[in-house]
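These notes concern the structure reproduced below.
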Amino acid sequence: MSVFERYLSLWVALCIAAGIGLGKLWPGLFETLASWQAANVNFVVAVLIWAMVFPMMIGVDFASLRRIGDRPKGLVVTLVVNWLIKPFTMAGLGVLFFKHVFAGFIPPADAESYIAGLILLGAAPCTAMVFVWSQLTRGDPTYTLAQVSVNDAIMVFAFAPIVAFLLGVVDIAVPWETLILSVALYVVIPLIAGVATRSALLRAGGETAVASFTGKLKPYSIVGLLATVVLLFGFQGGVILERPLIIALIAVPLLIQSYGVFAAAYAAAWAWRIPFNIAAPCALIGTSNFFELAVAVAISLFGLNSGAALATVVGVLVEVPVMLSLVAFANATRRHFPAGDALDQ
């Protein structure tokens with residue numbers, strides 16, 4: 001993990017400050033950028049999201065799906081956490097805090113928007129940074145890749161229905177056309193392009209060519225993320241300056257969700273006697289979020305100025321330090337798990 005990646009939270013925080021400042025200095029510029037959209041999809045943000053998503057999709061190898069039967073336990077834990085627990089606990093925590101605990105501090109309309117953003121985060125399992133967390137715990141790279149591939153395959157079909165269902169539960173209108181368009185634009189199309197690009201690179205130079213190409217693209221991915229943060233907080237600057245505690249309020253359920261989901265997955269892996277190099281990544285995968293997708297869909301569904309978009313960006317700010325703390329905890333408790341990676345795991 002490079003120094004830049006390790007301090008990603010710091011760069012995100014600096015971009016938040018820059019966005020707020022620029023939004024106050026040049027509000028007309030941000031209004032113009034916000035007007036460049038069609039069907040609730042902002043063209044500038046779409047380009048930046050693609051810069052983030054495309055390099056990640058090149059790393060997805062669907063050929064690894066044939067290995068999922070080798071060690072099913074870790075995959076079972078990951079899938080149960082990602083699709084049967086995580087979206088619903090995130091929605092529950094959102095309702096608990098923004099409809100009840102924080103009800104006296106937040107207008108009802110804003111509360112619903114923040115809940116929507118949390119739901120989008122909870123329903124989007126991570127695609128890229130999980131490889132970093134797996135590497136930091138010396139996890140099995142091939143198995144991690146298989147888990148990510150399965151999650152991506154499921155996400156293509158399950159993300160929109162789960163989000164629509166949960167948004168409906170909290171009485172938020174769901175524009176199905178925009179939601180489906182967002183999934184197609186930010187998951188399906190980049191995934192197809194990534195698989196095609198990976199295949200071409202493998203034919204040209206094998207895994208070395210893939211690694212070299214994605215390495216060259218990686219800086220653009222990070223720049224896309226940081227530029228998106230600047231834009232979002234440029235639009236949100238007025239709200240944040242008027243109510244500076246809102247970021248802290250949004251962070252509370254996110255922190256509880258992250259540590260709670262990790263504890264559940266890690267405990268299940270320990271109880272099931274899953275080897276550490278499978279157990280640690282499967283718990284970390286369940287905890288991390290595909291925040292690029294969540295940000296993109298929040299923008300498409302609710303707009304650049306929405307509380308939902310703000311909540312997903314706060315997710316970016318919270319995730320990196322939280323995940324690094326969980327990596328440290330996992331490494332410190334390694335001795336409590338079986339060693340090795342027997343194929344029956």
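Residue numbering restarts at 1 in every chain; chains get A, B, ... in the order shown in the structure tokens, and ligands count up from 1 in that same order.
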
Report as JSON, numbers by chain all protein, DNA and RNA residues lying within 10 Å of segment 287-289 of chain A, evaluated on only C-alpha atoms, omitting residues in the same chain fewer than 6 positions from it.
{"A": [78, 81, 82, 86, 120, 121, 122, 123, 124, 125, 126, 127, 128, 129, 130, 133, 257, 258, 259, 260, 261, 262, 263, 264, 265, 281, 312, 315, 316, 319, 320, 322, 323, 326]}

DSSP-assigned helix (DSSP H, G or I) among segment 98-173 of chain A, expressed as a PyMOL selection string
chain A and resi 98-101+108-122+129-136+141-169

Give me, as a Markdown table, the closest atom pair and its distance (Å, one decimal) for every residue of segment 63-169 of chain A within a cut-off of 12 Å of segment 184-197 of chain A, counting only C-alpha atoms, rows sorted by chain and rising number.
```
| residue | atom | partner | partner_atom | distance |
| --- | --- | --- | --- | --- |
| A:Ala63 | CA | A:Val195 | CA | 10.3 |
| A:Ala124 | CA | A:Val187 | CA | 10.7 |
| A:Thr127 | CA | A:Val187 | CA | 10.5 |
| A:Ser149 | CA | A:Leu191 | CA | 10.5 |
| A:Asn151 | CA | A:Val187 | CA | 11.7 |
| A:Asp152 | CA | A:Val187 | CA | 8.3 |
| A:Ala153 | CA | A:Val188 | CA | 9.4 |
| A:Ile154 | CA | A:Val187 | CA | 11.1 |
| A:Met155 | CA | A:Val187 | CA | 8.3 |
| A:Val156 | CA | A:Val188 | CA | 6.5 |
| A:Phe157 | CA | A:Val188 | CA | 9.6 |
| A:Ala158 | CA | A:Val187 | CA | 11.8 |
| A:Phe159 | CA | A:Val187 | CA | 10.0 |
| A:Ala160 | CA | A:Ala184 | CA | 10.0 |
```

Output all heavy atoms of each residue in that selection to a file, as an mmCIF file, in the first residue's frame.
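What ended up in part.cif:
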```cif
data_model
loop_
_atom_site.group_PDB
_atom_site.id
_atom_site.type_symbol
_atom_site.label_atom_id
_atom_site.label_comp_id
_atom_site.auth_asym_id
_atom_site.auth_seq_id
_atom_site.Cartn_x
_atom_site.Cartn_y
_atom_site.Cartn_z
ATOM 1 N N ALA A 63 -12.876 -16.141 -14.928
ATOM 2 C CA ALA A 63 -12.384 -17.516 -15.002
ATOM 3 C C ALA A 63 -12.165 -18.097 -13.611
ATOM 4 O O ALA A 63 -12.198 -19.314 -13.410
ATOM 5 C CB ALA A 63 -11.090 -17.560 -15.806
ATOM 6 N N ALA A 124 -23.860 -2.072 -1.753
ATOM 7 C CA ALA A 124 -22.807 -2.096 -2.782
ATOM 8 C C ALA A 124 -21.522 -2.669 -2.204
ATOM 9 O O ALA A 124 -20.691 -1.936 -1.674
ATOM 10 C CB ALA A 124 -22.568 -0.679 -3.314
ATOM 11 N N THR A 127 -15.382 -3.696 -4.643
ATOM 12 C CA THR A 127 -14.812 -4.404 -5.786
ATOM 13 C C THR A 127 -13.293 -4.310 -5.831
ATOM 14 O O THR A 127 -12.636 -5.268 -6.210
ATOM 15 C CB THR A 127 -15.395 -3.838 -7.102
ATOM 16 O OG1 THR A 127 -16.778 -4.169 -7.174
ATOM 17 C CG2 THR A 127 -14.696 -4.414 -8.309
ATOM 18 N N SER A 149 -15.301 -11.679 -7.809
ATOM 19 C CA SER A 149 -15.973 -11.992 -9.067
ATOM 20 C C SER A 149 -17.411 -12.424 -8.842
ATOM 21 O O SER A 149 -18.325 -12.007 -9.554
ATOM 22 C CB SER A 149 -15.199 -13.088 -9.814
ATOM 23 O OG SER A 149 -13.906 -12.667 -10.147
ATOM 24 N N ASN A 151 -19.288 -11.690 -6.213
ATOM 25 C CA ASN A 151 -20.041 -10.527 -5.750
ATOM 26 C C ASN A 151 -20.430 -9.614 -6.895
ATOM 27 O O ASN A 151 -21.547 -9.087 -6.943
ATOM 28 C CB ASN A 151 -19.221 -9.743 -4.712
ATOM 29 C CG ASN A 151 -19.492 -10.207 -3.298
ATOM 30 O OD1 ASN A 151 -20.627 -10.431 -2.914
ATOM 31 N ND2 ASN A 151 -18.444 -10.368 -2.531
ATOM 32 N N ASP A 152 -19.511 -9.399 -7.837
ATOM 33 C CA ASP A 152 -19.823 -8.545 -8.981
ATOM 34 C C ASP A 152 -20.918 -9.154 -9.842
ATOM 35 O O ASP A 152 -21.808 -8.452 -10.328
ATOM 36 C CB ASP A 152 -18.568 -8.315 -9.828
ATOM 37 C CG ASP A 152 -17.641 -7.274 -9.220
ATOM 38 O OD1 ASP A 152 -18.126 -6.487 -8.385
ATOM 39 O OD2 ASP A 152 -16.456 -7.244 -9.565
ATOM 40 N N ALA A 153 -20.847 -10.473 -10.037
ATOM 41 C CA ALA A 153 -21.876 -11.140 -10.840
ATOM 42 C C ALA A 153 -23.249 -11.001 -10.182
ATOM 43 O O ALA A 153 -24.258 -10.742 -10.847
ATOM 44 C CB ALA A 153 -21.515 -12.605 -11.039
ATOM 45 N N ILE A 154 -23.290 -11.163 -8.860
ATOM 46 C CA ILE A 154 -24.555 -11.028 -8.130
ATOM 47 C C ILE A 154 -25.027 -9.583 -8.140
ATOM 48 O O ILE A 154 -26.229 -9.304 -8.297
ATOM 49 C CB ILE A 154 -24.393 -11.537 -6.686
ATOM 50 C CG1 ILE A 154 -24.136 -13.043 -6.687
ATOM 51 C CG2 ILE A 154 -25.634 -11.201 -5.847
ATOM 52 C CD1 ILE A 154 -23.825 -13.605 -5.312
ATOM 53 N N MET A 155 -24.087 -8.647 -7.995
ATOM 54 C CA MET A 155 -24.451 -7.228 -7.911
ATOM 55 C C MET A 155 -25.167 -6.749 -9.173
ATOM 56 O O MET A 155 -26.071 -5.916 -9.095
ATOM 57 C CB MET A 155 -23.199 -6.391 -7.669
ATOM 58 C CG MET A 155 -23.461 -4.905 -7.495
ATOM 59 S SD MET A 155 -22.082 -4.038 -6.702
ATOM 60 C CE MET A 155 -20.708 -4.565 -7.706
ATOM 61 N N VAL A 156 -24.759 -7.277 -10.325
ATOM 62 C CA VAL A 156 -25.394 -6.871 -11.576
ATOM 63 C C VAL A 156 -26.898 -7.115 -11.526
ATOM 64 O O VAL A 156 -27.698 -6.325 -12.026
ATOM 65 C CB VAL A 156 -24.758 -7.619 -12.768
ATOM 66 C CG1 VAL A 156 -25.564 -7.411 -14.038
ATOM 67 C CG2 VAL A 156 -23.325 -7.152 -12.972
ATOM 68 N N PHE A 157 -27.298 -8.204 -10.882
ATOM 69 C CA PHE A 157 -28.712 -8.578 -10.861
ATOM 70 C C PHE A 157 -29.423 -8.189 -9.564
ATOM 71 O O PHE A 157 -30.636 -7.959 -9.568
ATOM 72 C CB PHE A 157 -28.848 -10.094 -11.064
ATOM 73 C CG PHE A 157 -28.242 -10.578 -12.350
ATOM 74 C CD1 PHE A 157 -26.989 -11.159 -12.363
ATOM 75 C CD2 PHE A 157 -28.912 -10.422 -13.558
ATOM 76 C CE1 PHE A 157 -26.415 -11.603 -13.549
ATOM 77 C CE2 PHE A 157 -28.359 -10.853 -14.749
ATOM 78 C CZ PHE A 157 -27.099 -11.442 -14.746
ATOM 79 N N ALA A 158 -28.681 -8.126 -8.445
ATOM 80 C CA ALA A 158 -29.338 -7.958 -7.147
ATOM 81 C C ALA A 158 -29.316 -6.532 -6.623
ATOM 82 O O ALA A 158 -30.157 -6.181 -5.790
ATOM 83 C CB ALA A 158 -28.682 -8.889 -6.118
ATOM 84 N N PHE A 159 -28.373 -5.711 -7.074
ATOM 85 C CA PHE A 159 -28.230 -4.374 -6.491
ATOM 86 C C PHE A 159 -29.506 -3.550 -6.651
ATOM 87 O O PHE A 159 -30.039 -3.003 -5.672
ATOM 88 C CB PHE A 159 -27.051 -3.641 -7.137
ATOM 89 C CG PHE A 159 -26.864 -2.232 -6.641
ATOM 90 C CD1 PHE A 159 -26.274 -1.987 -5.419
ATOM 91 C CD2 PHE A 159 -27.290 -1.151 -7.394
ATOM 92 C CE1 PHE A 159 -26.096 -0.685 -4.945
ATOM 93 C CE2 PHE A 159 -27.121 0.150 -6.949
ATOM 94 C CZ PHE A 159 -26.521 0.377 -5.719
ATOM 95 N N ALA A 160 -30.011 -3.457 -7.878
ATOM 96 C CA ALA A 160 -31.195 -2.618 -8.114
ATOM 97 C C ALA A 160 -32.420 -3.107 -7.339
ATOM 98 O O ALA A 160 -33.089 -2.303 -6.681
ATOM 99 C CB ALA A 160 -31.496 -2.552 -9.617
#
```

I want to know what sits within 6 Å of segment 18-29 of chain A, based on only C-alpha atoms, with residues of the same chain fewer than 2 positions away left out; could you give that as an mmCIF file with N, CA and C atoms, in the first residue's frame?
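So the final result, stored in part_6.cif, reads:
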```cif
data_model
loop_
_atom_site.group_PDB
_atom_site.id
_atom_site.type_symbol
_atom_site.label_atom_id
_atom_site.label_comp_id
_atom_site.auth_asym_id
_atom_site.auth_seq_id
_atom_site.Cartn_x
_atom_site.Cartn_y
_atom_site.Cartn_z
ATOM 1 N N CYS A 15 -9.739 17.452 0.054
ATOM 2 C CA CYS A 15 -10.628 17.715 -1.081
ATOM 3 C C CYS A 15 -11.990 18.220 -0.617
ATOM 4 N N ILE A 16 -12.435 17.735 0.529
ATOM 5 C CA ILE A 16 -13.681 18.252 1.104
ATOM 6 C C ILE A 16 -13.533 19.743 1.397
ATOM 7 N N GLU A 31 -22.719 25.716 -10.459
ATOM 8 C CA GLU A 31 -24.065 25.689 -11.028
ATOM 9 C C GLU A 31 -24.021 25.293 -12.499
ATOM 10 N N THR A 32 -23.018 25.787 -13.226
ATOM 11 C CA THR A 32 -22.863 25.422 -14.632
ATOM 12 C C THR A 32 -22.555 23.941 -14.781
ATOM 13 N N VAL A 230 -14.361 16.751 -4.590
ATOM 14 C CA VAL A 230 -14.334 18.213 -4.698
ATOM 15 C C VAL A 230 -15.650 18.730 -5.267
ATOM 16 N N PHE A 233 -18.648 18.247 -2.714
ATOM 17 C CA PHE A 233 -18.618 19.162 -1.589
ATOM 18 C C PHE A 233 -18.674 20.616 -2.052
ATOM 19 N N GLY A 234 -18.353 20.875 -3.318
ATOM 20 C CA GLY A 234 -18.602 22.204 -3.860
ATOM 21 C C GLY A 234 -20.081 22.503 -3.897
ATOM 22 N N GLY A 237 -21.328 22.584 -0.080
ATOM 23 C CA GLY A 237 -20.614 23.470 0.826
ATOM 24 C C GLY A 237 -21.500 24.325 1.708
#
```

Give me, as a PyMOL selection string, all polymer residues having an atom no more than 6 Å from Ala308 of chain A, counting only C-alpha atoms and skipping those fewer than 3 positions away in the same chain.
chain A and resi 113-114+116-117+298+311

Could the residues in this selection be written to a file with all heavy atoms, as a PDB file, in the first residue's frame?
```pdb
ATOM      1  N   SER A 113     -33.206  11.472   2.953  1.00  0.00           N
ATOM      2  CA  SER A 113     -32.141  11.514   1.959  1.00  0.00           C
ATOM      3  C   SER A 113     -30.869  10.858   2.494  1.00  0.00           C
ATOM      4  O   SER A 113     -30.198  10.107   1.779  1.00  0.00           O
ATOM      5  CB  SER A 113     -31.863  12.960   1.547  1.00  0.00           C
ATOM      6  OG  SER A 113     -30.958  13.017   0.471  1.00  0.00           O
ATOM      7  N   TYR A 114     -30.530  11.105   3.747  1.00  0.00           N
ATOM      8  CA  TYR A 114     -29.347  10.484   4.341  1.00  0.00           C
ATOM      9  C   TYR A 114     -29.533   8.973   4.457  1.00  0.00           C
ATOM     10  O   TYR A 114     -28.591   8.200   4.224  1.00  0.00           O
ATOM     11  CB  TYR A 114     -29.054  11.085   5.716  1.00  0.00           C
ATOM     12  CG  TYR A 114     -28.762  12.571   5.682  1.00  0.00           C
ATOM     13  CD1 TYR A 114     -29.243  13.425   6.673  1.00  0.00           C
ATOM     14  CD2 TYR A 114     -27.999  13.130   4.654  1.00  0.00           C
ATOM     15  CE1 TYR A 114     -28.979  14.783   6.637  1.00  0.00           C
ATOM     16  CE2 TYR A 114     -27.736  14.495   4.612  1.00  0.00           C
ATOM     17  CZ  TYR A 114     -28.238  15.309   5.605  1.00  0.00           C
ATOM     18  OH  TYR A 114     -27.974  16.664   5.560  1.00  0.00           O
ATOM     19  N   ALA A 116     -31.287   7.144   2.488  1.00  0.00           N
ATOM     20  CA  ALA A 116     -31.123   6.612   1.134  1.00  0.00           C
ATOM     21  C   ALA A 116     -29.650   6.428   0.792  1.00  0.00           C
ATOM     22  O   ALA A 116     -29.246   5.408   0.208  1.00  0.00           O
ATOM     23  CB  ALA A 116     -31.792   7.540   0.120  1.00  0.00           C
ATOM     24  N   GLY A 117     -28.816   7.403   1.151  1.00  0.00           N
ATOM     25  CA  GLY A 117     -27.386   7.286   0.887  1.00  0.00           C
ATOM     26  C   GLY A 117     -26.759   6.118   1.634  1.00  0.00           C
ATOM     27  O   GLY A 117     -25.928   5.381   1.075  1.00  0.00           O
ATOM     28  N   ALA A 298     -26.303   7.514  -6.180  1.00  0.00           N
ATOM     29  CA  ALA A 298     -26.903   8.596  -5.378  1.00  0.00           C
ATOM     30  C   ALA A 298     -27.038   9.862  -6.204  1.00  0.00           C
ATOM     31  O   ALA A 298     -28.070  10.549  -6.151  1.00  0.00           O
ATOM     32  CB  ALA A 298     -26.052   8.857  -4.135  1.00  0.00           C
ATOM     33  N   ALA A 311     -24.087  11.601   1.974  1.00  0.00           N
ATOM     34  CA  ALA A 311     -23.891  10.441   2.840  1.00  0.00           C
ATOM     35  C   ALA A 311     -22.920   9.433   2.219  1.00  0.00           C
ATOM     36  O   ALA A 311     -22.078   8.857   2.914  1.00  0.00           O
ATOM     37  CB  ALA A 311     -25.236   9.770   3.122  1.00  0.00           C
TER      38      ALA A 311
END
```

Nearest residue to Val44 of chain A out of A:Ser221, A:Asn305, A:Ser300, A:Thr228, using only C-alpha atoms?
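Counting only C-alpha atoms, the residue closest to Val44 of chain A is A:Thr228.
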
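With atom CA of Phe235 of chain A on one side and atom CA of Leu310 of chain A on the other, the separation reads 9.5 Å.
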
Can you pull out every residue within 8 Å of Tyr266 of chain A, counting only C-alpha atoms, but drop anything in the same chain fewer than 5 positions away, and send it as a PDB file with C-alpha atoms, in the first residue's frame?
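Written output follows (around16.pdb):
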```pdb
ATOM      1  CA  ALA A 279     -11.175 -15.767   7.078  1.00  0.00           C
ATOM      2  CA  ALA A 280      -9.597 -12.305   7.165  1.00  0.00           C
ATOM      3  CA  CYS A 282     -13.929 -12.748   3.707  1.00  0.00           C
ATOM      4  CA  ALA A 283     -14.658 -10.574   6.771  1.00  0.00           C
TER       5      ALA A 283
END
```

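Atom CA of Ser306 of chain A to atom CA of Ala111 of chain A spans 11.0 Å [interatomic distance, one decimal].
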
Distance query Asn277 of chain A at most 10 Å, only C-alpha atoms, self and fewer than 2 positions along chain excluded, as a list in words
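Here the qualifying residues turn out to be Gly74, Ser134, Gln135, Thr137, Arg138, Gly139, Asp140, Pro141, Tyr143, Thr144, Ile274, Pro275, Ala279, Ala280, Pro281, Cys282, Arg334, Phe337, Pro338, Ala339, Gly340 and Asp341 of chain A.
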
Go ahead and save the picked residues with N, CA, C and O atoms, as a compact mmCIF listing (two decimals), in the first residue's frame.
```txt
# COMPACT_ATOMS: atom_id res chain seq x y z
N GLY A 74 -15.60 -19.83 3.22
CA GLY A 74 -15.32 -18.41 3.16
C GLY A 74 -16.27 -17.68 2.23
O GLY A 74 -16.71 -16.56 2.51
N SER A 134 -6.90 -7.56 1.57
CA SER A 134 -6.47 -8.96 1.53
C SER A 134 -4.95 -9.06 1.53
O SER A 134 -4.36 -9.88 2.24
N GLN A 135 -4.30 -8.20 0.76
CA GLN A 135 -2.84 -8.22 0.71
C GLN A 135 -2.23 -7.87 2.05
O GLN A 135 -1.23 -8.47 2.48
N THR A 137 -3.35 -8.48 4.94
CA THR A 137 -3.50 -9.59 5.88
C THR A 137 -2.90 -10.88 5.34
O THR A 137 -3.10 -11.95 5.92
N ARG A 138 -2.19 -10.77 4.21
CA ARG A 138 -1.59 -11.93 3.55
C ARG A 138 -2.64 -12.99 3.24
O ARG A 138 -2.44 -14.18 3.47
N GLY A 139 -3.76 -12.52 2.71
CA GLY A 139 -4.83 -13.42 2.34
C GLY A 139 -4.53 -14.16 1.04
O GLY A 139 -3.61 -13.81 0.30
N ASP A 140 -5.33 -15.17 0.76
CA ASP A 140 -5.18 -15.96 -0.47
C ASP A 140 -5.68 -15.10 -1.64
O ASP A 140 -6.87 -14.82 -1.75
N PRO A 141 -4.78 -14.67 -2.55
CA PRO A 141 -5.20 -13.75 -3.61
C PRO A 141 -6.17 -14.35 -4.60
O PRO A 141 -7.08 -13.69 -5.08
N TYR A 143 -8.38 -16.78 -4.06
CA TYR A 143 -9.70 -16.93 -3.46
C TYR A 143 -10.38 -15.57 -3.32
O TYR A 143 -11.59 -15.45 -3.53
N THR A 144 -9.61 -14.55 -2.96
CA THR A 144 -10.16 -13.20 -2.87
C THR A 144 -10.72 -12.77 -4.21
O THR A 144 -11.80 -12.18 -4.30
N ILE A 274 -12.35 -21.57 9.73
CA ILE A 274 -11.83 -21.20 8.41
C ILE A 274 -10.39 -20.70 8.58
O ILE A 274 -10.13 -19.88 9.47
N PRO A 275 -9.46 -21.16 7.76
CA PRO A 275 -8.07 -20.68 7.87
C PRO A 275 -7.98 -19.17 7.75
O PRO A 275 -8.77 -18.53 7.05
N ALA A 279 -10.27 -16.42 6.12
CA ALA A 279 -11.18 -15.77 7.08
C ALA A 279 -11.04 -14.25 7.07
O ALA A 279 -12.04 -13.52 7.05
N ALA A 280 -9.79 -13.75 7.11
CA ALA A 280 -9.60 -12.30 7.16
C ALA A 280 -10.15 -11.60 5.93
O ALA A 280 -10.94 -10.65 6.06
N PRO A 281 -9.79 -12.05 4.72
CA PRO A 281 -10.36 -11.37 3.54
C PRO A 281 -11.88 -11.48 3.46
O PRO A 281 -12.54 -10.51 3.07
N CYS A 282 -12.47 -12.62 3.84
CA CYS A 282 -13.93 -12.75 3.71
C CYS A 282 -14.64 -11.80 4.66
O CYS A 282 -15.70 -11.26 4.33
N ARG A 334 -4.40 -13.26 14.40
CA ARG A 334 -4.14 -14.34 13.44
C ARG A 334 -3.98 -15.70 14.12
O ARG A 334 -4.44 -16.72 13.61
N PHE A 337 -6.76 -18.55 14.53
CA PHE A 337 -7.35 -19.23 13.38
C PHE A 337 -6.43 -20.33 12.89
O PHE A 337 -5.21 -20.27 13.10
N PRO A 338 -7.00 -21.36 12.26
CA PRO A 338 -6.15 -22.40 11.68
C PRO A 338 -5.24 -21.83 10.62
O PRO A 338 -5.58 -20.86 9.93
N ALA A 339 -4.07 -22.43 10.48
CA ALA A 339 -3.14 -22.01 9.43
C ALA A 339 -3.43 -22.80 8.16
O ALA A 339 -4.15 -23.80 8.18
N GLY A 340 -2.84 -22.36 7.05
CA GLY A 340 -2.99 -23.11 5.80
C GLY A 340 -4.27 -22.77 5.08
O GLY A 340 -5.07 -21.95 5.52
N ASP A 341 -4.48 -23.43 3.96
CA ASP A 341 -5.66 -23.18 3.16
C ASP A 341 -6.16 -24.48 2.55
O ASP A 341 -6.20 -24.65 1.33
```

Could you tell me which of A:Val132, A:Ala46, A:Ile285, A:Val318 comes closest to Leu254 of chain A if we count only C-alpha atoms?
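Distance minimum relative to Leu254 of chain A lands on A:Val318.
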
When distances are computed from only C-alpha atoms, which of A:Val76, A:Ile299, A:Val12, A:Ala251 shows the smallest separation from Val150 of chain A?
A:Val76

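For Val47 of chain A, the set of protein, DNA and RNA residues having any atom at most 12 Å away, when counting only C-alpha atoms and skipping those fewer than 2 positions along the same chain, is Trp36, Gln37, Val41, Asn42, Phe43, Val44, Val45, Ile49, Trp50, Ala51, Met52, Val53, Phe54, Leu185, Tyr186, Pro190, Tyr220, Ser221, Val223, Gly224, Leu225, Ala227, Thr228 and Ala296 of chain A.
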
State, in Å with one decimal place, the distance from atom CA of Leu202 of chain A to atom CA of Gly215 of chain A.
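Rounded to one decimal, the two atoms are 14.9 Å apart.
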